[in-house]
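To start, the structure itself, in structure tokens.
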Amino acid sequence: MKYAIKIEQLADFYNVNTQVIYELAEFGIINLKRESKQEIILHEDLDRCERAVRLYSELGVNKEGIEIILEMREKMERLQKELNLAQRRLNLMITAEEAFFQTDFFEIE
């Protein structure tokens with residue numbers, strides 16, 4: 001089951017005109033879906049939409065700026081995930097190396 005919110009509800013929540021959301025969608029910043037003759041935003045797209053609306057309404061960032069900010073943020077999140085994965089792999093390698101030296105070598109006096 002997928003969850004969604006109506007454009008009108010989102011606009012009311014952020015105290016913006018629905019036109020703002022439509023403009024962001026026309027510019028390609030957010031994805032709108034049509035369900036039962038209503039425009040909705042799927043739950044999976046809500047985070048990006050909320051950020052875009054807040055940048056636009058609270059900070060006055062134009063659509064071009066919003067697009068750049070969101071793309072940079074998403075790239076940063078991808079890079080952070082890659083870094084975390086690399087760190088986990090490195091930790092596994094260090095653990096394996098430590099185990100090797102502990103089992104195959106012995107102390108001498």
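Labeling convention for the structure tokens: chains A, B, ... as they appear, residues from 1 per chain, ligands from 1 in order of appearance.
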Test item: residues at most 12 Å from Leu46 of chain A, only C-alpha atoms, excluding those fewer than 2 positions along its chain, as number ranges by chain: A: 3-7, 10, 21, 29-33, 40-44, 48-53
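Look at Val16 of chain A: the protein and nucleic acid residues within 10 Å of it, using only C-alpha atoms and passing over chain neighbours fewer than 6 places away, are A:Glu8, A:Leu10, A:Val53, A:Arg54, A:Tyr56, A:Ser57, A:Glu58.
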Selected residues written out with C-alpha atoms, as an mmCIF file, in the first residue's frame:
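Result went into again12.cif, see below:
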data_model
loop_
_atom_site.group_PDB
_atom_site.id
_atom_site.type_symbol
_atom_site.label_atom_id
_atom_site.label_comp_id
_atom_site.auth_asym_id
_atom_site.auth_seq_id
_atom_site.Cartn_x
_atom_site.Cartn_y
_atom_site.Cartn_z
ATOM 1 C CA GLU A 8 -4.326 21.181 -0.964
ATOM 2 C CA LEU A 10 0.227 20.154 1.880
ATOM 3 C CA VAL A 53 8.306 24.306 -0.458
ATOM 4 C CA ARG A 54 10.166 25.475 2.651
ATOM 5 C CA TYR A 56 10.686 28.665 -1.608
ATOM 6 C CA SER A 57 8.256 29.999 0.977
ATOM 7 C CA GLU A 58 10.441 30.520 4.052
#
Where in chain A does DSSP assign helix (DSSP H, G or I), given as a tab-separated table (two decimals) with N, CA and C atoms, in the first residue's frame?
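Written file, states.tsv:
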chain	number	residue	atom	x	y	z
A	7	ILE	N	-2.48	17.80	-2.61
A	7	ILE	CA	-1.77	19.06	-2.78
A	7	ILE	C	-2.36	20.14	-1.87
A	8	GLU	N	-3.66	20.16	-1.77
A	8	GLU	CA	-4.33	21.18	-0.96
A	8	GLU	C	-3.95	21.06	0.51
A	9	GLN	N	-3.85	19.82	1.00
A	9	GLN	CA	-3.48	19.60	2.40
A	9	GLN	C	-2.05	20.06	2.66
A	10	LEU	N	-1.17	19.74	1.74
A	10	LEU	CA	0.23	20.15	1.88
A	10	LEU	C	0.34	21.67	1.85
A	11	ALA	N	-0.37	22.28	0.93
A	11	ALA	CA	-0.34	23.75	0.81
A	11	ALA	C	-0.88	24.39	2.08
A	12	ASP	N	-1.95	23.86	2.62
A	12	ASP	CA	-2.50	24.39	3.88
A	12	ASP	C	-1.50	24.25	5.02
A	13	PHE	N	-0.87	23.09	5.09
A	13	PHE	CA	0.08	22.83	6.18
A	13	PHE	C	1.24	23.82	6.15
A	14	TYR	N	1.75	24.13	4.95
A	14	TYR	CA	2.88	25.05	4.82
A	14	TYR	C	2.45	26.49	4.56
A	18	THR	N	-1.54	26.69	-3.53
A	18	THR	CA	-1.30	25.47	-4.30
A	18	THR	C	-0.51	25.75	-5.57
A	19	GLN	N	-0.60	26.97	-6.07
A	19	GLN	CA	0.13	27.34	-7.27
A	19	GLN	C	1.64	27.17	-7.09
A	20	VAL	N	2.13	27.42	-5.89
A	20	VAL	CA	3.56	27.23	-5.60
A	20	VAL	C	3.96	25.78	-5.86
A	21	ILE	N	3.15	24.86	-5.40
A	21	ILE	CA	3.45	23.44	-5.58
A	21	ILE	C	3.37	23.07	-7.06
A	22	TYR	N	2.37	23.58	-7.75
A	22	TYR	CA	2.26	23.31	-9.20
A	22	TYR	C	3.47	23.88	-9.97
A	23	GLU	N	3.93	25.06	-9.59
A	23	GLU	CA	5.09	25.66	-10.25
A	23	GLU	C	6.34	24.81	-10.02
A	24	LEU	N	6.52	24.33	-8.79
A	24	LEU	CA	7.67	23.47	-8.50
A	24	LEU	C	7.59	22.18	-9.30
A	25	ALA	N	6.38	21.66	-9.48
A	25	ALA	CA	6.21	20.45	-10.28
A	25	ALA	C	6.47	20.71	-11.76
A	26	GLU	N	5.99	21.83	-12.27
A	26	GLU	CA	6.21	22.18	-13.68
A	26	GLU	C	7.70	22.36	-13.97
A	43	HIS	N	4.11	9.50	-0.62
A	43	HIS	CA	4.90	9.59	0.61
A	43	HIS	C	6.40	9.57	0.31
A	44	GLU	N	6.81	8.76	-0.65
A	44	GLU	CA	8.23	8.65	-0.99
A	44	GLU	C	8.80	9.94	-1.58
A	45	ASP	N	7.95	10.81	-2.09
A	45	ASP	CA	8.39	12.09	-2.66
A	45	ASP	C	8.17	13.26	-1.70
A	46	LEU	N	7.60	12.97	-0.56
A	46	LEU	CA	7.20	14.05	0.36
A	46	LEU	C	8.39	14.82	0.93
A	47	ASP	N	9.46	14.13	1.29
A	47	ASP	CA	10.61	14.80	1.88
A	47	ASP	C	11.18	15.87	0.93
A	48	ARG	N	11.36	15.50	-0.32
A	48	ARG	CA	11.89	16.45	-1.31
A	48	ARG	C	10.91	17.61	-1.51
A	49	CYS	N	9.64	17.30	-1.56
A	49	CYS	CA	8.62	18.33	-1.75
A	49	CYS	C	8.60	19.30	-0.58
A	50	GLU	N	8.65	18.78	0.64
A	50	GLU	CA	8.65	19.64	1.82
A	50	GLU	C	9.86	20.57	1.82
A	51	ARG	N	11.00	20.03	1.49
A	51	ARG	CA	12.21	20.86	1.44
A	51	ARG	C	12.07	21.97	0.40
A	52	ALA	N	11.56	21.60	-0.76
A	52	ALA	CA	11.40	22.58	-1.84
A	52	ALA	C	10.43	23.68	-1.44
A	53	VAL	N	9.31	23.31	-0.87
A	53	VAL	CA	8.31	24.31	-0.46
A	53	VAL	C	8.87	25.22	0.61
A	54	ARG	N	9.59	24.65	1.57
A	54	ARG	CA	10.17	25.47	2.65
A	54	ARG	C	11.25	26.42	2.11
A	55	LEU	N	12.09	25.93	1.22
A	55	LEU	CA	13.11	26.80	0.62
A	55	LEU	C	12.46	27.96	-0.11
A	56	TYR	N	11.38	27.65	-0.81
A	56	TYR	CA	10.69	28.66	-1.61
A	56	TYR	C	9.93	29.66	-0.72
A	57	SER	N	9.15	29.13	0.21
A	57	SER	CA	8.26	30.00	0.98
A	57	SER	C	8.94	30.67	2.16
A	58	GLU	N	9.82	29.96	2.85
A	58	GLU	CA	10.44	30.52	4.05
A	58	GLU	C	11.72	31.29	3.78
A	59	LEU	N	12.48	30.85	2.77
A	59	LEU	CA	13.76	31.49	2.51
A	59	LEU	C	13.78	32.31	1.22
A	63	LYS	N	13.38	28.92	-8.04
A	63	LYS	CA	13.28	27.53	-8.46
A	63	LYS	C	14.62	26.95	-8.91
A	64	GLU	N	15.41	27.77	-9.60
A	64	GLU	CA	16.72	27.30	-10.03
A	64	GLU	C	17.60	26.98	-8.83
A	65	GLY	N	17.55	27.85	-7.82
A	65	GLY	CA	18.33	27.63	-6.60
A	65	GLY	C	17.87	26.41	-5.84
A	66	ILE	N	16.57	26.22	-5.79
A	66	ILE	CA	16.01	25.04	-5.10
A	66	ILE	C	16.51	23.77	-5.75
A	67	GLU	N	16.48	23.75	-7.07
A	67	GLU	CA	16.93	22.57	-7.80
A	67	GLU	C	18.39	22.26	-7.48
A	68	ILE	N	19.23	23.27	-7.48
A	68	ILE	CA	20.66	23.09	-7.19
A	68	ILE	C	20.85	22.61	-5.75
A	69	ILE	N	20.17	23.25	-4.81
A	69	ILE	CA	20.30	22.89	-3.39
A	69	ILE	C	19.89	21.44	-3.16
A	70	LEU	N	18.75	21.05	-3.72
A	70	LEU	CA	18.25	19.69	-3.52
A	70	LEU	C	19.17	18.66	-4.17
A	71	GLU	N	19.67	18.95	-5.36
A	71	GLU	CA	20.58	18.03	-6.03
A	71	GLU	C	21.88	17.87	-5.23
A	72	MET	N	22.41	18.99	-4.72
A	72	MET	CA	23.64	18.92	-3.92
A	72	MET	C	23.40	18.14	-2.64
A	73	ARG	N	22.25	18.34	-2.02
A	73	ARG	CA	21.93	17.63	-0.78
A	73	ARG	C	21.81	16.13	-1.04
A	74	GLU	N	21.16	15.76	-2.11
A	74	GLU	CA	21.00	14.35	-2.44
A	74	GLU	C	22.35	13.71	-2.79
A	75	LYS	N	23.19	14.47	-3.48
A	75	LYS	CA	24.53	13.96	-3.80
A	75	LYS	C	25.33	13.78	-2.51
A	76	MET	N	25.22	14.72	-1.60
A	76	MET	CA	25.91	14.64	-0.33
A	76	MET	C	25.45	13.40	0.45
A	77	GLU	N	24.16	13.12	0.43
A	77	GLU	CA	23.63	11.94	1.11
A	77	GLU	C	24.18	10.66	0.49
A	78	ARG	N	24.24	10.62	-0.86
A	78	ARG	CA	24.81	9.44	-1.54
A	78	ARG	C	26.27	9.25	-1.17
A	79	LEU	N	27.03	10.35	-1.17
A	79	LEU	CA	28.45	10.26	-0.83
A	79	LEU	C	28.64	9.82	0.62
A	80	GLN	N	27.78	10.29	1.53
A	80	GLN	CA	27.86	9.87	2.92
A	80	GLN	C	27.62	8.38	3.05
A	81	LYS	N	26.65	7.85	2.30
A	81	LYS	CA	26.39	6.41	2.32
A	81	LYS	C	27.59	5.64	1.81
A	82	GLU	N	28.21	6.13	0.72
A	82	GLU	CA	29.41	5.48	0.19
A	82	GLU	C	30.54	5.52	1.20
A	83	LEU	N	30.71	6.63	1.88
A	83	LEU	CA	31.75	6.76	2.89
A	83	LEU	C	31.50	5.79	4.04
A	84	ASN	N	30.26	5.70	4.49
A	84	ASN	CA	29.92	4.77	5.57
A	84	ASN	C	30.21	3.33	5.17
A	85	LEU	N	29.88	2.98	3.93
A	85	LEU	CA	30.15	1.63	3.43
A	85	LEU	C	31.65	1.37	3.39
A	86	ALA	N	32.41	2.32	2.89
A	86	ALA	CA	33.87	2.18	2.83
A	86	ALA	C	34.46	2.03	4.24
A	87	GLN	N	33.92	2.77	5.19
A	87	GLN	CA	34.40	2.68	6.57
A	87	GLN	C	34.12	1.30	7.17
A	88	ARG	N	32.92	0.77	6.88
A	88	ARG	CA	32.60	-0.57	7.38
A	88	ARG	C	33.53	-1.62	6.77
A	89	ARG	N	33.80	-1.48	5.46
A	89	ARG	CA	34.71	-2.44	4.81
A	89	ARG	C	36.11	-2.35	5.40
A	90	LEU	N	36.57	-1.14	5.63
A	90	LEU	CA	37.89	-0.95	6.22
A	90	LEU	C	37.94	-1.56	7.61
A	91	ASN	N	36.90	-1.36	8.40
A	91	ASN	CA	36.86	-1.94	9.75
A	91	ASN	C	36.91	-3.47	9.69
A	92	LEU	N	36.22	-4.06	8.70
A	92	LEU	CA	36.26	-5.51	8.54
A	92	LEU	C	37.67	-5.98	8.17
A	93	MET	N	38.33	-5.24	7.31
A	93	MET	CA	39.69	-5.59	6.92
A	93	MET	C	40.64	-5.49	8.11
A	94	ILE	N	40.49	-4.45	8.90
A	94	ILE	CA	41.34	-4.28	10.08
A	94	ILE	C	41.10	-5.41	11.07
A	95	THR	N	39.84	-5.77	11.27
A	95	THR	CA	39.50	-6.86	12.18
A	95	THR	C	40.09	-8.17	11.70
A	96	ALA	N	40.02	-8.43	10.39
A	96	ALA	CA	40.58	-9.66	9.83
A	96	ALA	C	42.09	-9.68	9.98
A	97	GLU	N	42.73	-8.55	9.76
A	97	GLU	CA	44.19	-8.47	9.90
A	97	GLU	C	44.61	-8.70	11.35
A	98	GLU	N	43.88	-8.10	12.28
A	98	GLU	CA	44.19	-8.29	13.70
A	98	GLU	C	44.02	-9.75	14.09
A	99	ALA	N	42.99	-10.39	13.59
A	99	ALA	CA	42.76	-11.81	13.89
A	99	ALA	C	43.90	-12.66	13.33
A	100	PHE	N	44.38	-12.30	12.17
A	100	PHE	CA	45.49	-13.03	11.55
A	100	PHE	C	46.72	-12.97	12.43
A	101	PHE	N	47.07	-11.78	12.90
A	101	PHE	CA	48.27	-11.63	13.71
A	101	PHE	C	48.11	-12.26	15.09
A	102	GLN	N	46.92	-12.34	15.59
A	102	GLN	CA	46.70	-12.91	16.92
A	102	GLN	C	46.75	-14.43	16.89
A	103	THR	N	46.37	-15.05	15.78
A	103	THR	CA	46.31	-16.51	15.74
A	103	THR	C	47.56	-17.15	15.16
A	104	ASP	N	48.24	-16.48	14.26
A	104	ASP	CA	49.36	-17.11	13.57
A	104	ASP	C	50.72	-16.73	14.14
DSSP strand (DSSP E or B) selection over chain A, as a list in words: Ala4, Ile5, Lys6, Lys33, Arg34, Glu35, Gln38, Glu39, Ile40, Ile41 and Leu42 of chain A
